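Source file: upload-v4.tsv; contents: TSV, C-alpha atoms.
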```tsv
chain	number	residue	atom	x	y	z
A	1	MET	CA	-3.59	-20.98	16.00
A	2	GLU	CA	-1.42	-22.70	18.59
A	3	LEU	CA	1.40	-25.14	17.97
A	4	SER	CA	1.55	-28.44	19.81
A	5	CYS	CA	4.67	-29.46	21.73
A	6	PHE	CA	5.59	-31.80	18.88
A	7	GLU	CA	5.18	-29.04	16.31
A	8	ARG	CA	7.38	-26.69	18.34
A	9	GLU	CA	10.08	-29.35	18.60
A	10	LEU	CA	9.81	-29.95	14.86
A	11	VAL	CA	10.14	-26.23	14.11
A	12	ALA	CA	13.21	-25.99	16.36
A	13	ALA	CA	14.80	-28.93	14.50
A	14	LEU	CA	14.02	-27.34	11.12
A	15	GLN	CA	15.46	-24.01	12.22
A	16	ARG	CA	18.74	-25.75	12.95
A	17	ALA	CA	18.73	-27.75	9.71
A	18	PRO	CA	16.11	-26.61	7.16
A	19	ARG	CA	17.22	-29.22	4.61
A	20	ALA	CA	17.35	-32.17	7.00
A	21	PRO	CA	15.71	-35.31	5.47
A	22	TYR	CA	12.34	-36.38	6.86
A	23	ALA	CA	13.86	-39.58	8.22
A	24	THR	CA	16.54	-37.60	10.08
A	25	LEU	CA	13.95	-35.28	11.62
A	26	ALA	CA	11.79	-38.25	12.63
A	27	GLY	CA	14.74	-39.95	14.28
A	28	ARG	CA	15.66	-36.84	16.26
A	29	LEU	CA	12.09	-36.39	17.47
A	30	GLY	CA	11.38	-40.06	18.08
A	31	VAL	CA	8.29	-40.22	15.87
A	32	ALA	CA	7.26	-41.88	12.63
A	33	GLU	CA	8.40	-40.25	9.40
A	34	ARG	CA	4.80	-39.91	8.21
A	35	SER	CA	4.05	-37.81	11.32
A	36	VAL	CA	6.82	-35.39	10.36
A	37	ARG	CA	5.64	-35.17	6.76
A	38	ARG	CA	2.04	-34.61	7.80
A	39	ALA	CA	2.92	-31.89	10.33
A	40	MET	CA	5.23	-30.03	7.92
A	41	ARG	CA	2.61	-30.15	5.18
A	42	ARG	CA	-0.08	-28.76	7.48
A	43	LEU	CA	2.13	-25.95	8.77
A	44	ARG	CA	3.04	-24.93	5.23
A	45	ASP	CA	-0.54	-25.17	3.95
A	46	ASP	CA	-1.70	-22.98	6.84
A	47	GLY	CA	0.93	-20.37	5.96
A	48	VAL	CA	2.66	-20.83	9.32
A	49	LEU	CA	5.93	-22.40	8.18
A	50	THR	CA	7.91	-20.59	5.49
A	51	TYR	CA	11.33	-21.19	4.01
A	52	SER	CA	13.79	-18.67	2.64
A	53	ALA	CA	17.17	-18.76	0.93
A	54	THR	CA	18.79	-15.34	1.23
A	55	ILE	CA	22.09	-14.18	-0.23
A	56	ALA	CA	24.05	-11.88	2.05
A	57	ARG	CA	24.79	-9.67	-0.93
A	58	GLU	CA	26.60	-7.09	1.18
A	59	ASP	CA	29.18	-9.81	1.92
A	60	THR	CA	29.46	-11.22	-1.60
A	61	HIS	CA	29.06	-8.57	-4.29
A	62	GLY	CA	29.72	-5.31	-2.48
A	63	TRP	CA	26.01	-4.50	-2.32
A	64	LEU	CA	24.67	-2.20	0.39
A	65	ALA	CA	22.09	-3.26	2.94
A	66	ALA	CA	20.14	-0.15	3.89
A	67	GLN	CA	18.11	0.24	7.07
A	68	LEU	CA	15.27	2.69	6.42
A	69	GLU	CA	12.84	4.55	8.64
A	70	ILE	CA	9.89	5.74	6.58
A	71	GLY	CA	7.27	8.27	7.63
A	72	CYS	CA	3.81	7.95	6.06
A	73	ARG	CA	0.88	10.28	5.67
A	74	ALA	CA	-2.03	9.64	8.01
A	75	GLY	CA	-3.85	6.42	7.18
A	76	MET	CA	-1.33	5.33	4.54
A	77	SER	CA	1.02	3.08	6.52
A	78	ASP	CA	-0.69	-0.15	5.52
A	79	ALA	CA	-0.75	0.70	1.81
A	80	VAL	CA	2.90	1.79	1.80
A	81	ALA	CA	3.93	-1.34	3.72
A	82	HIS	CA	2.16	-3.54	1.16
A	83	ALA	CA	3.89	-1.71	-1.69
A	84	LEU	CA	7.30	-2.09	-0.08
A	85	ALA	CA	6.74	-5.76	0.78
A	86	ALA	CA	6.00	-6.41	-2.90
A	87	ARG	CA	9.41	-5.11	-3.97
A	88	PRO	CA	12.10	-7.71	-4.73
A	89	ASP	CA	14.82	-5.57	-3.11
A	90	THR	CA	13.23	-5.48	0.37
A	91	ARG	CA	14.08	-8.11	2.98
A	92	TYR	CA	12.10	-6.81	5.97
A	93	VAL	CA	9.09	-4.50	6.25
A	94	ALA	CA	7.22	-3.71	9.46
A	95	VAL	CA	5.09	-1.09	11.19
A	96	ALA	CA	6.68	0.04	14.44
A	97	THR	CA	6.17	2.57	17.19
A	98	GLY	CA	8.29	5.71	17.34
A	99	ASP	CA	8.91	8.67	15.05
A	100	ALA	CA	8.88	6.62	11.85
A	101	ASP	CA	5.85	4.59	10.82
A	102	LEU	CA	7.74	1.84	8.98
A	103	VAL	CA	11.11	0.16	9.41
A	104	VAL	CA	12.50	-1.44	6.28
A	105	GLU	CA	15.61	-3.31	5.19
A	106	LEU	CA	16.51	-3.38	1.50
A	107	VAL	CA	19.57	-4.04	-0.63
A	108	ALA	CA	21.05	-1.91	-3.40
A	109	PRO	CA	23.92	-2.81	-5.75
A	110	ASP	CA	25.93	0.39	-5.14
A	111	PRO	CA	25.74	3.87	-3.54
A	112	GLY	CA	24.36	5.40	-6.74
A	113	ALA	CA	21.43	2.98	-6.80
A	114	LEU	CA	20.78	3.57	-3.09
A	115	HIS	CA	20.81	7.34	-3.70
A	116	THR	CA	18.20	6.95	-6.43
A	117	LEU	CA	16.04	4.83	-4.13
A	118	VAL	CA	16.06	7.07	-1.05
A	119	VAL	CA	16.08	10.44	-2.81
A	120	HIS	CA	13.80	9.82	-5.76
A	121	GLU	CA	12.04	6.46	-5.98
A	122	LEU	CA	10.80	5.77	-2.45
A	123	PRO	CA	9.70	9.36	-1.67
A	124	ALA	CA	7.60	9.22	-4.84
A	125	LEU	CA	5.51	6.32	-3.49
A	126	ASP	CA	1.95	7.38	-2.72
A	127	GLY	CA	1.65	7.98	1.01
A	128	VAL	CA	5.37	8.43	1.82
A	129	ARG	CA	6.30	11.71	3.50
A	130	SER	CA	9.89	11.03	4.66
A	131	VAL	CA	12.74	8.54	4.21
A	132	ARG	CA	15.71	8.25	6.55
A	133	SER	CA	18.48	5.78	5.74
A	134	GLU	CA	21.51	4.14	7.32
A	135	VAL	CA	23.80	1.48	5.89
A	136	ALA	CA	24.57	-1.83	7.61
A	137	VAL	CA	28.35	-1.92	7.89
A	138	ARG	CA	28.38	-5.48	9.20
A	139	LEU	CA	25.70	-8.14	9.58
A	140	LEU	CA	26.48	-10.16	12.70
A	141	LEU	CA	23.29	-12.14	13.28
A	142	SER	CA	20.20	-12.76	11.16
A	143	ALA	CA	16.93	-14.51	11.95
A	144	ALA	CA	18.60	-17.71	10.71
A	145	ASP	CA	20.76	-17.54	13.85
A	146	TRP	CA	17.82	-17.44	16.27
A	147	SER	CA	16.05	-20.38	17.85
A	148	PRO	CA	13.27	-20.31	20.48
A	149	ASP	CA	15.07	-22.89	22.61
A	150	GLY	CA	18.27	-20.85	22.94
A	151	TRP	CA	20.38	-22.95	20.57
A	152	ARG	CA	23.39	-21.04	19.28
A	153	SER	CA	24.15	-21.18	15.58
A	154	PRO	CA	27.83	-21.38	14.55
A	155	ARG	CA	27.66	-17.72	13.48
A	156	ARG	CA	26.24	-16.65	16.85
A	157	GLU	CA	28.93	-18.62	18.63
A	158	ARG	CA	31.61	-16.82	16.62
A	159	VAL	CA	30.13	-13.43	17.54
A	160	VAL	CA	30.02	-14.39	21.22
A	161	GLN	CA	33.69	-15.36	21.02
A	162	GLY	CA	34.59	-12.15	19.22
A	163	LYS	CA	35.67	-13.87	16.01
A	164	ARG	CA	35.20	-12.05	12.71
A	165	GLU	CA	33.62	-13.70	9.70
A	166	ALA	CA	35.82	-14.67	6.78
A	167	VAL	CA	36.12	-12.28	3.85
A	168	GLY	CA	33.05	-12.47	1.62
A	169	ILE	CA	33.13	-14.61	-1.49
A	170	GLN	CA	32.15	-13.83	-5.05
A	171	LEU	CA	29.19	-15.75	-6.49
A	172	ASP	CA	29.19	-16.90	-10.11
A	173	ASP	CA	26.24	-17.72	-12.36
A	174	SER	CA	26.10	-21.33	-11.19
A	175	ASP	CA	25.93	-20.24	-7.54
A	176	LEU	CA	23.11	-17.84	-8.32
A	177	ALA	CA	21.24	-20.55	-10.26
A	178	ILE	CA	21.45	-22.84	-7.21
A	179	VAL	CA	20.14	-20.08	-4.95
A	180	ARG	CA	17.23	-19.42	-7.33
A	181	ALA	CA	16.33	-23.11	-7.18
A	182	LEU	CA	16.46	-23.02	-3.38
A	183	ASP	CA	14.35	-19.88	-3.34
A	184	GLN	CA	11.53	-21.92	-4.86
A	185	ASP	CA	11.89	-24.54	-2.12
A	186	VAL	CA	14.77	-24.69	0.35
A	187	ARG	CA	14.20	-28.42	0.81
A	188	THR	CA	14.69	-29.26	-2.87
A	189	PRO	CA	17.08	-32.27	-3.02
A	190	ALA	CA	20.53	-31.67	-4.47
A	191	ALA	CA	19.82	-34.16	-7.27
A	192	ARG	CA	16.80	-32.18	-8.44
A	193	ILE	CA	18.71	-28.88	-8.20
A	194	ALA	CA	21.46	-30.44	-10.30
A	195	GLN	CA	18.92	-31.29	-13.00
A	196	GLN	CA	17.50	-27.77	-12.93
A	197	VAL	CA	20.83	-25.93	-13.17
A	198	GLY	CA	22.73	-28.39	-15.37
A	199	LEU	CA	25.42	-29.40	-12.87
A	200	HIS	CA	26.50	-32.69	-11.32
A	201	GLU	CA	24.91	-33.51	-7.97
A	202	THR	CA	28.27	-33.60	-6.16
A	203	THR	CA	29.09	-30.17	-7.62
A	204	VAL	CA	25.82	-28.79	-6.26
A	205	GLN	CA	26.53	-30.28	-2.84
A	206	ARG	CA	30.05	-28.85	-2.82
A	207	ARG	CA	28.83	-25.39	-3.82
A	208	LEU	CA	26.05	-25.47	-1.24
A	209	HIS	CA	28.58	-26.31	1.46
A	210	ARG	CA	30.81	-23.42	0.34
A	211	LEU	CA	27.92	-20.96	0.27
A	212	THR	CA	26.62	-21.85	3.72
A	213	GLU	CA	30.00	-22.22	5.45
A	214	SER	CA	31.14	-18.83	4.13
A	215	GLY	CA	27.98	-17.15	5.40
A	216	ALA	CA	27.08	-16.01	1.89
A	217	LEU	CA	23.80	-17.96	1.95
A	218	TYR	CA	21.23	-18.07	4.73
A	219	MET	CA	18.67	-20.85	4.63
A	220	ARG	CA	15.86	-20.46	7.09
A	221	ALA	CA	12.76	-22.33	8.21
A	222	ASP	CA	10.67	-19.68	9.89
A	223	VAL	CA	7.54	-19.52	12.02
A	224	PRO	CA	6.12	-16.26	13.44
A	225	PRO	CA	7.74	-15.74	16.87
A	226	ALA	CA	4.31	-15.20	18.42
A	227	LEU	CA	3.41	-18.84	17.71
A	228	LEU	CA	6.56	-19.94	19.50
A	229	GLY	CA	5.72	-18.02	22.67
A	230	PHE	CA	7.26	-14.65	21.77
A	231	PRO	CA	4.39	-12.29	20.84
A	232	LEU	CA	6.38	-9.09	21.41
A	233	GLU	CA	9.11	-8.00	18.98
A	234	ALA	CA	11.23	-4.90	19.53
A	235	ARG	CA	13.74	-2.98	17.42
A	236	PHE	CA	16.52	-1.20	19.25
A	237	THR	CA	19.36	1.10	18.24
A	238	LEU	CA	22.31	1.82	20.50
A	239	GLN	CA	24.99	4.47	20.53
A	240	VAL	CA	28.12	2.72	21.77
A	241	ARG	CA	31.61	4.19	22.12
A	242	PRO	CA	33.96	2.77	19.46
A	243	ASP	CA	36.34	1.41	22.08
A	244	SER	CA	33.50	-0.56	23.67
A	245	LEU	CA	31.80	-1.75	20.49
A	246	GLU	CA	33.23	-5.26	20.17
A	247	ALA	CA	32.58	-6.08	23.83
A	248	ALA	CA	29.03	-4.78	23.46
A	249	LEU	CA	28.39	-7.00	20.45
A	250	ARG	CA	29.69	-10.07	22.28
A	251	ARG	CA	27.43	-9.33	25.27
A	252	LEU	CA	24.35	-8.82	23.12
A	253	ALA	CA	24.97	-11.99	21.09
A	254	ARG	CA	24.81	-14.05	24.30
A	255	GLU	CA	21.19	-13.00	24.79
A	256	PRO	CA	18.93	-15.80	23.44
A	257	THR	CA	16.05	-13.40	22.72
A	258	LEU	CA	18.21	-11.47	20.24
A	259	ARG	CA	16.95	-12.21	16.72
A	260	ALA	CA	19.21	-10.00	14.57
A	261	LEU	CA	22.23	-7.75	15.09
A	262	TYR	CA	24.01	-5.21	12.87
A	263	ILE	CA	26.65	-2.51	12.99
A	264	VAL	CA	25.23	0.49	11.15
A	265	THR	CA	26.29	3.98	10.15
A	266	GLY	CA	25.01	7.06	11.96
A	267	THR	CA	24.96	8.28	15.56
A	268	PHE	CA	23.40	5.01	16.72
A	269	ASN	CA	25.91	2.42	15.54
A	270	VAL	CA	24.22	-0.83	16.70
A	271	LEU	CA	20.87	-2.11	15.45
A	272	GLY	CA	19.13	-5.16	16.82
A	273	TYR	CA	15.83	-7.02	16.93
A	274	CYS	CA	14.68	-9.04	19.92
A	275	VAL	CA	11.58	-11.07	20.78
A	276	HIS	CA	9.91	-11.49	24.16
A	277	GLY	CA	7.06	-13.29	25.85
A	278	SER	CA	5.61	-10.17	27.47
A	279	THR	CA	6.19	-6.48	28.17
A	280	ALA	CA	7.67	-7.52	31.53
A	281	ALA	CA	10.23	-9.66	29.68
A	282	LEU	CA	11.05	-6.69	27.45
A	283	GLU	CA	11.58	-4.58	30.57
A	284	ASP	CA	13.94	-7.26	31.89
A	285	PHE	CA	15.88	-6.93	28.64
A	286	PHE	CA	16.31	-3.21	29.39
A	287	ALA	CA	17.49	-3.88	32.91
A	288	GLY	CA	19.68	-6.85	32.00
A	289	PRO	CA	21.56	-7.13	28.69
A	290	LEU	CA	21.20	-3.49	27.66
A	291	ALA	CA	22.18	-2.21	31.10
A	292	GLU	CA	25.31	-4.39	30.96
A	293	VAL	CA	26.54	-2.91	27.67
A	294	GLY	CA	29.70	-0.94	28.43
A	295	GLY	CA	30.23	2.41	26.74
A	296	LEU	CA	26.51	2.90	26.10
A	297	LEU	CA	25.77	6.56	25.33
A	298	GLY	CA	22.23	6.32	23.98
A	299	CYS	CA	19.40	3.89	23.35
A	300	ASP	CA	16.17	3.94	21.34
A	301	ILE	CA	13.67	1.06	21.54
A	302	ARG	CA	10.57	0.58	19.42
A	303	VAL	CA	7.93	-2.14	19.43
A	304	VAL	CA	7.14	-3.85	16.12
A	305	LEU	CA	3.38	-3.74	15.68
A	306	ARG	CA	3.08	-5.82	12.52
A	307	ALA	CA	5.55	-7.42	10.11
A	308	TYR	CA	4.71	-7.52	6.42
A	309	LYS	CA	7.88	-9.23	5.21
A	310	ARG	CA	10.60	-11.25	6.94
A	311	ASN	CA	13.77	-12.72	5.44
A	312	GLY	CA	12.56	-11.64	2.01
A	313	VAL	CA	9.31	-13.64	2.40
A	314	PRO	CA	5.88	-11.94	2.67
A	315	VAL	CA	4.13	-12.57	5.96
A	316	ALA	CA	0.54	-13.85	6.03
A	317	ASP	CA	-2.00	-11.38	7.38
A	318	GLU	CA	-4.54	-12.10	10.08
A	319	ARG	CA	-6.75	-13.84	7.50
A	320	GLY	CA	-3.94	-16.08	6.31
A	321	ASN	CA	-3.52	-14.19	3.01
A	322	ARG	CA	-0.01	-13.47	1.80
A	323	HIS	CA	1.05	-10.06	0.62
A	324	PRO	CA	1.76	-10.14	-3.11
A	325	THR	CA	5.36	-10.15	-4.25
A	326	SER	CA	6.82	-8.61	-7.35
A	327	THR	CA	8.24	-10.90	-10.00
A	328	ALA	CA	10.37	-8.14	-11.47
```
Take the structure I supplied and represent it as structure tokens, if you would.
Amino acid sequence: MELSCFERELVAALQRAPRAPYATLAGRLGVAERSVRRAMRRLRDDGVLTYSATIAREDTHGWLAAQLEIGCRAGMSDAVAHALAARPDTRYVAVATGDADLVVELVAPDPGALHTLVVHELPALDGVRSVRSEVAVRLLLSAADWSPDGWRSPRRERVVQGKREAVGIQLDDSDLAIVRALDQDVRTPAARIAQQVGLHETTVQRRLHRLTESGALYMRADVPPALLGFPLEARFTLQVRPDSLEAALRRLAREPTLRALYIVTGTFNVLGYCVHGSTAALEDFFAGPLAEVGGLLGCDIRVVLRAYKRNGVPVADERGNRHPTSTA
């Protein structure tokens, strides 16, 4: 399907403020409120528009965010990707070019749990032949910080300016209850969340503000990049000298096509995802932003062929069917 100009403008507004009231969105776009409601309902019913509320657990509870490259036996990539997308601990699952068949992001509560996952549990999945893992040392940008029109989120602006995020906060049971309510529907009004979790509405609003301002909670309204004019997604890893790392991160964050950015362990210490309108635009990314990174010692770029899960939300397949998710 193709999105109309109005639908693209609506998506851009939702990406900036997923919980914005219908009346506010209508006012910004200069249309009737019923037009906004109708368009949002259609996009959701068609499986195009999805919402997610994701806890940055590595910043709040000391969890580890692992970046995995998984090799599969011939003909098994699709089945393994489905199995991984159904797991509650995965946030991103995709088939990509390169040595590994799948690239995966998942979270584990501690090194012992991650060891069990990569040494025992994941290799035991039918069709898996190899698992390689790195740990995200710092999450700089997530998909919640990307917009097709080049708008910079507050987090992206801080990265561009070289400012570090505040120390992560600890979440209590009430915080987690609020996040669970949002996970059902990010646009749930604070009053309804308050009823569900047994708190006062102003308390819910105050906690939501704390969670989002601290960067502990990412709320995202997402549409496949291809429908926004970016059919090509790439995953890149860079080996950057330590003395050039911060400058490299600031330069990369200025690039509007950059969708996510991490510092990771291993020889290649920077991981990023970018989206482009064509292979020529991807080539321009090589010759422009990547070529301008100082202290660059190595680079590996892979094209994402198909995403099965983004931001913890299963992605609809070509028939509009969603991959099943585990309720464990």
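Shortest separation to A:Glu121 among A:Val240, A:Ala260, A:Leu84, A:Thr279 occurs at residue A:Leu84, atoms counted being only C-alpha atoms.
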task: Taking the point (32.7, 2.8, 18.2) as given in the file, collect each protein or nucleic acid residue that comes within 10 Å of it, counting all atoms listed in the file, and present the set as number ranges by chain.
output: A: 239-246, 248, 263, 267-270, 295
field: Nearest candidate to A:Val159 (options A:Asp284, A:Glu255, A:Glu2, A:Asp99; using only C-alpha atoms)
entry: A:Glu255
field: Which residue of A:Val313, A:Ile169, A:Gln67, A:His120 approaches A:Glu105 most closely, using all atoms listed in the file
entry: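 Distance minimum relative to A:Glu105 lands on A:Gln67.
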query: For A:Phe230, which residue out of A:Ser147, A:Asn311, A:Gln195, A:Ser174 is the nearest one, using only C-alpha atoms?
result: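 Once distances to A:Phe230 are computed over only C-alpha atoms, the minimum belongs to A:Ser147.
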Counting all atoms listed in the file, the residue of A:Leu271, A:Val103, A:Pro314, A:Thr257 that sits nearest A:Pro289: A:Thr257
message: What's around A:Phe236 at 10 Å? Count all atoms listed in the file, leave out sequence neighbours fewer than 5 positions away in its own chain, and write the answer as a count of residues only.
response: 13
message: Between A:Gly215, A:Pro148, A:Gly229, A:Gly312, which residue has the minimum interatomic distance to A:Asp183, considering all atoms listed in the file?
response: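 So, comparing all the options, the nearest one is A:Gly312.
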